[in-house]
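Accompanying notes for the structure given below.
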Amino acid sequence: MTLKALLKSAQQYIRASSSASTEEALIDARLLLQQALGVNHAWLIAHMNDVLTYAQSEAFQQLLSRRLAGEPIAYILEMREFYGLPLKTTPATLIPRPDTETLVEAALAKLPQGEALKVLDLGTGTGAVALAIAQNRPNAQVTAVDFSAEALSVAQENAQNLGLSRVRLMQSDWFSGLQGEKFDLIVSNPPYIAENDVHLKQGDLRFEPITALASGEDGLNDIRRIIQEAPNYLNPNGWLMLEHGYDQAERVAALLKQHGFSQINHAPDLAGIQRVTFGQSLRSC
């Protein structure tokens, strides 16, 4: 079987076993084949009429079987691109998603080039948000925390691979390890799915760490805690920015207002959904 025929067959299997579109299934099949062969997309295009060796076919079938069982492509490949950065991704971390790039864009809009402002990323996971900010604002002093030692190990490896070792990584349960510190901007993509949401048992979410996904009966437990404690860690006029669910923008805005934040606003994702809500703290605690 040629590579072209193999890709078509794999695409059909992936499409039949998942909710992936025809295009998404083809991309998955191509990425798996590139991984099995250790080649890039350009090589694959130039060798579509080649035939796999037995060993190559076995390697590809093993990867394909994992995908057909529902395992996320990011975990199989141990990599996901985020904001132009290649990031190592493991089952110890949430898979970085395009929606979260909205959080990075909102943060960069509040961080002027050349200023050494202090930034905190709460629940950093792979380090995606913190590293994207550090890459695009070299003068920013970025701290990233996570309660998971396994996740921090992944973030540390990503920081080293990207040459962004200046990012400070710490183990902390939200603010617990940051007593006495102040920041100009705090960002977070916290757990925000309701603990009984049926989506937790579907698709990629089945394989991701539940502690990075679910947060109480309405999904807002961690967001409430962050909003309540954040003013103690913000400089006057500092900003708090939170990613949240598709239907949580108004509730998050109300929580920000309740805790004294002003200039409250939202940022939409690529689908036009209000994905990030932010506010400014005027308190000096």
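So you can find residues: chains in the structure tokens are A, B, ... in the order shown, residues in each start at 1, and ligands are numbered from 1 in order.
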Might you pull out every residue within 10 Å of Ala249 in chain A, with only C-alpha atoms counted and same-chain residues fewer than 3 positions away left off, and present them as an MDAnalysis selection string?
-> chainID A and resid 242:246 252:254 265:267 273:278
Can you pull out every residue within 9 Å of Arg224 in chain A, counting only C-alpha atoms, but drop anything in the same chain fewer than 4 positions away, and send it as a list in words?
->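 Contacts, in chain order: Leu220, Gln228, Glu229, Val252, Leu255 and Leu256 of chain A.
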Go ahead and save the picked residues with C-alpha atoms, as a CSV table (one decimal), in the first residue's frame.
```
chain,number,residue,atom,x,y,z
A,220,LEU,CA,-16.6,28.3,39.2
A,228,GLN,CA,-11.2,36.7,46.0
A,229,GLU,CA,-7.4,36.4,46.6
A,252,VAL,CA,-17.3,36.0,36.1
A,255,LEU,CA,-17.6,38.2,40.7
A,256,LEU,CA,-15.0,40.7,39.6
```
Do you know which residues are at most 12 Å from Arg206 in chain A counting only C-alpha atoms, after dropping those on the same chain fewer than 2 positions away, and could you put them as an MDAnalysis selection string?
-> chainID A and resid 69:72 91 94:95 197:204 208:210 212:214
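With only C-alpha atoms taken into account, the protein and nucleic acid residues at most 12 Å from Ser57 in chain A (excluding it and anything under 2 positions from it in its own chain) are Met1, Thr2, Leu3, Leu6, Leu7, Ala10, Leu32, Leu33, Gln34, Gln35, Ala36, Leu37, Val51, Leu52, Thr53, Tyr54, Ala55, Ala59, Phe60, Gln61, Gln62, Leu63 and Leu64 of chain A.
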Requested write-out: N, CA and C atoms of the selected residues, as a PDB file, in the first residue's frame:
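Output below, filename result-v1.pdb:
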```pdb
ATOM      1  N   MET A   1       0.840  -1.198   0.000  1.00  0.00           N
ATOM      2  CA  MET A   1       0.000   0.000   0.000  1.00  0.00           C
ATOM      3  C   MET A   1       0.877   1.249   0.000  1.00  0.00           C
ATOM      4  N   THR A   2       0.587   2.178  -0.892  1.00  0.00           N
ATOM      5  CA  THR A   2       1.351   3.423  -0.941  1.00  0.00           C
ATOM      6  C   THR A   2       0.982   4.325   0.243  1.00  0.00           C
ATOM      7  N   LEU A   3       1.831   5.324   0.506  1.00  0.00           N
ATOM      8  CA  LEU A   3       1.534   6.261   1.585  1.00  0.00           C
ATOM      9  C   LEU A   3       0.208   6.970   1.334  1.00  0.00           C
ATOM     10  N   LEU A   6      -2.563   4.611   2.183  1.00  0.00           N
ATOM     11  CA  LEU A   6      -2.568   4.386   3.628  1.00  0.00           C
ATOM     12  C   LEU A   6      -3.199   5.560   4.362  1.00  0.00           C
ATOM     13  N   LEU A   7      -2.866   6.764   3.938  1.00  0.00           N
ATOM     14  CA  LEU A   7      -3.447   7.958   4.562  1.00  0.00           C
ATOM     15  C   LEU A   7      -4.966   7.994   4.386  1.00  0.00           C
ATOM     16  N   ALA A  10      -6.506   5.401   6.717  1.00  0.00           N
ATOM     17  CA  ALA A  10      -6.442   5.832   8.114  1.00  0.00           C
ATOM     18  C   ALA A  10      -7.427   6.962   8.379  1.00  0.00           C
ATOM     19  N   LEU A  32       0.257  11.347  12.441  1.00  0.00           N
ATOM     20  CA  LEU A  32       0.670  10.031  12.944  1.00  0.00           C
ATOM     21  C   LEU A  32       1.675   9.372  12.012  1.00  0.00           C
ATOM     22  N   LEU A  33       1.448   9.499  10.708  1.00  0.00           N
ATOM     23  CA  LEU A  33       2.363   8.905   9.747  1.00  0.00           C
ATOM     24  C   LEU A  33       3.721   9.606   9.781  1.00  0.00           C
ATOM     25  N   GLN A  34       3.701  10.924   9.898  1.00  0.00           N
ATOM     26  CA  GLN A  34       4.964  11.657  10.006  1.00  0.00           C
ATOM     27  C   GLN A  34       5.732  11.215  11.255  1.00  0.00           C
ATOM     28  N   GLN A  35       5.003  11.008  12.354  1.00  0.00           N
ATOM     29  CA  GLN A  35       5.652  10.567  13.592  1.00  0.00           C
ATOM     30  C   GLN A  35       6.255   9.180  13.417  1.00  0.00           C
ATOM     31  N   ALA A  36       5.512   8.281  12.806  1.00  0.00           N
ATOM     32  CA  ALA A  36       6.001   6.914  12.621  1.00  0.00           C
ATOM     33  C   ALA A  36       7.247   6.862  11.739  1.00  0.00           C
ATOM     34  N   LEU A  37       7.291   7.733  10.734  1.00  0.00           N
ATOM     35  CA  LEU A  37       8.405   7.725   9.781  1.00  0.00           C
ATOM     36  C   LEU A  37       9.525   8.683  10.180  1.00  0.00           C
ATOM     37  N   VAL A  51       6.164   2.998  -0.626  1.00  0.00           N
ATOM     38  CA  VAL A  51       5.515   1.917   0.118  1.00  0.00           C
ATOM     39  C   VAL A  51       6.266   1.721   1.432  1.00  0.00           C
ATOM     40  N   LEU A  52       5.523   1.546   2.536  1.00  0.00           N
ATOM     41  CA  LEU A  52       6.150   1.370   3.842  1.00  0.00           C
ATOM     42  C   LEU A  52       6.830   0.016   3.959  1.00  0.00           C
ATOM     43  N   THR A  53       7.905  -0.019   4.749  1.00  0.00           N
ATOM     44  CA  THR A  53       8.492  -1.293   5.140  1.00  0.00           C
ATOM     45  C   THR A  53       7.588  -1.919   6.203  1.00  0.00           C
ATOM     46  N   TYR A  54       7.834  -3.159   6.527  1.00  0.00           N
ATOM     47  CA  TYR A  54       7.039  -3.828   7.556  1.00  0.00           C
ATOM     48  C   TYR A  54       7.171  -3.108   8.897  1.00  0.00           C
ATOM     49  N   ALA A  55       8.402  -2.745   9.265  1.00  0.00           N
ATOM     50  CA  ALA A  55       8.640  -2.076  10.542  1.00  0.00           C
ATOM     51  C   ALA A  55       7.936  -0.716  10.601  1.00  0.00           C
ATOM     52  N   ALA A  59       4.870   0.421  13.157  1.00  0.00           N
ATOM     53  CA  ALA A  59       4.969   1.629  13.984  1.00  0.00           C
ATOM     54  C   ALA A  59       3.752   2.527  13.774  1.00  0.00           C
ATOM     55  N   PHE A  60       3.346   2.660  12.514  1.00  0.00           N
ATOM     56  CA  PHE A  60       2.188   3.493  12.215  1.00  0.00           C
ATOM     57  C   PHE A  60       0.910   2.887  12.777  1.00  0.00           C
ATOM     58  N   GLN A  61       0.739   1.583  12.645  1.00  0.00           N
ATOM     59  CA  GLN A  61      -0.474   0.929  13.128  1.00  0.00           C
ATOM     60  C   GLN A  61      -0.607   1.050  14.645  1.00  0.00           C
ATOM     61  N   GLN A  62       0.516   1.021  15.353  1.00  0.00           N
ATOM     62  CA  GLN A  62       0.465   1.179  16.808  1.00  0.00           C
ATOM     63  C   GLN A  62      -0.041   2.568  17.186  1.00  0.00           C
ATOM     64  N   LEU A  63       0.462   3.582  16.496  1.00  0.00           N
ATOM     65  CA  LEU A  63       0.011   4.947  16.762  1.00  0.00           C
ATOM     66  C   LEU A  63      -1.457   5.117  16.380  1.00  0.00           C
ATOM     67  N   LEU A  64      -1.833   4.569  15.237  1.00  0.00           N
ATOM     68  CA  LEU A  64      -3.210   4.682  14.770  1.00  0.00           C
ATOM     69  C   LEU A  64      -4.174   3.998  15.738  1.00  0.00           C
TER      70      LEU A  64
END
```
6 Å contact set for range 145-149 of chain A, only C-alpha atoms, chain neighbours under 5 positions out, as a ChimeraX atom specification | /A:122-124,169-173
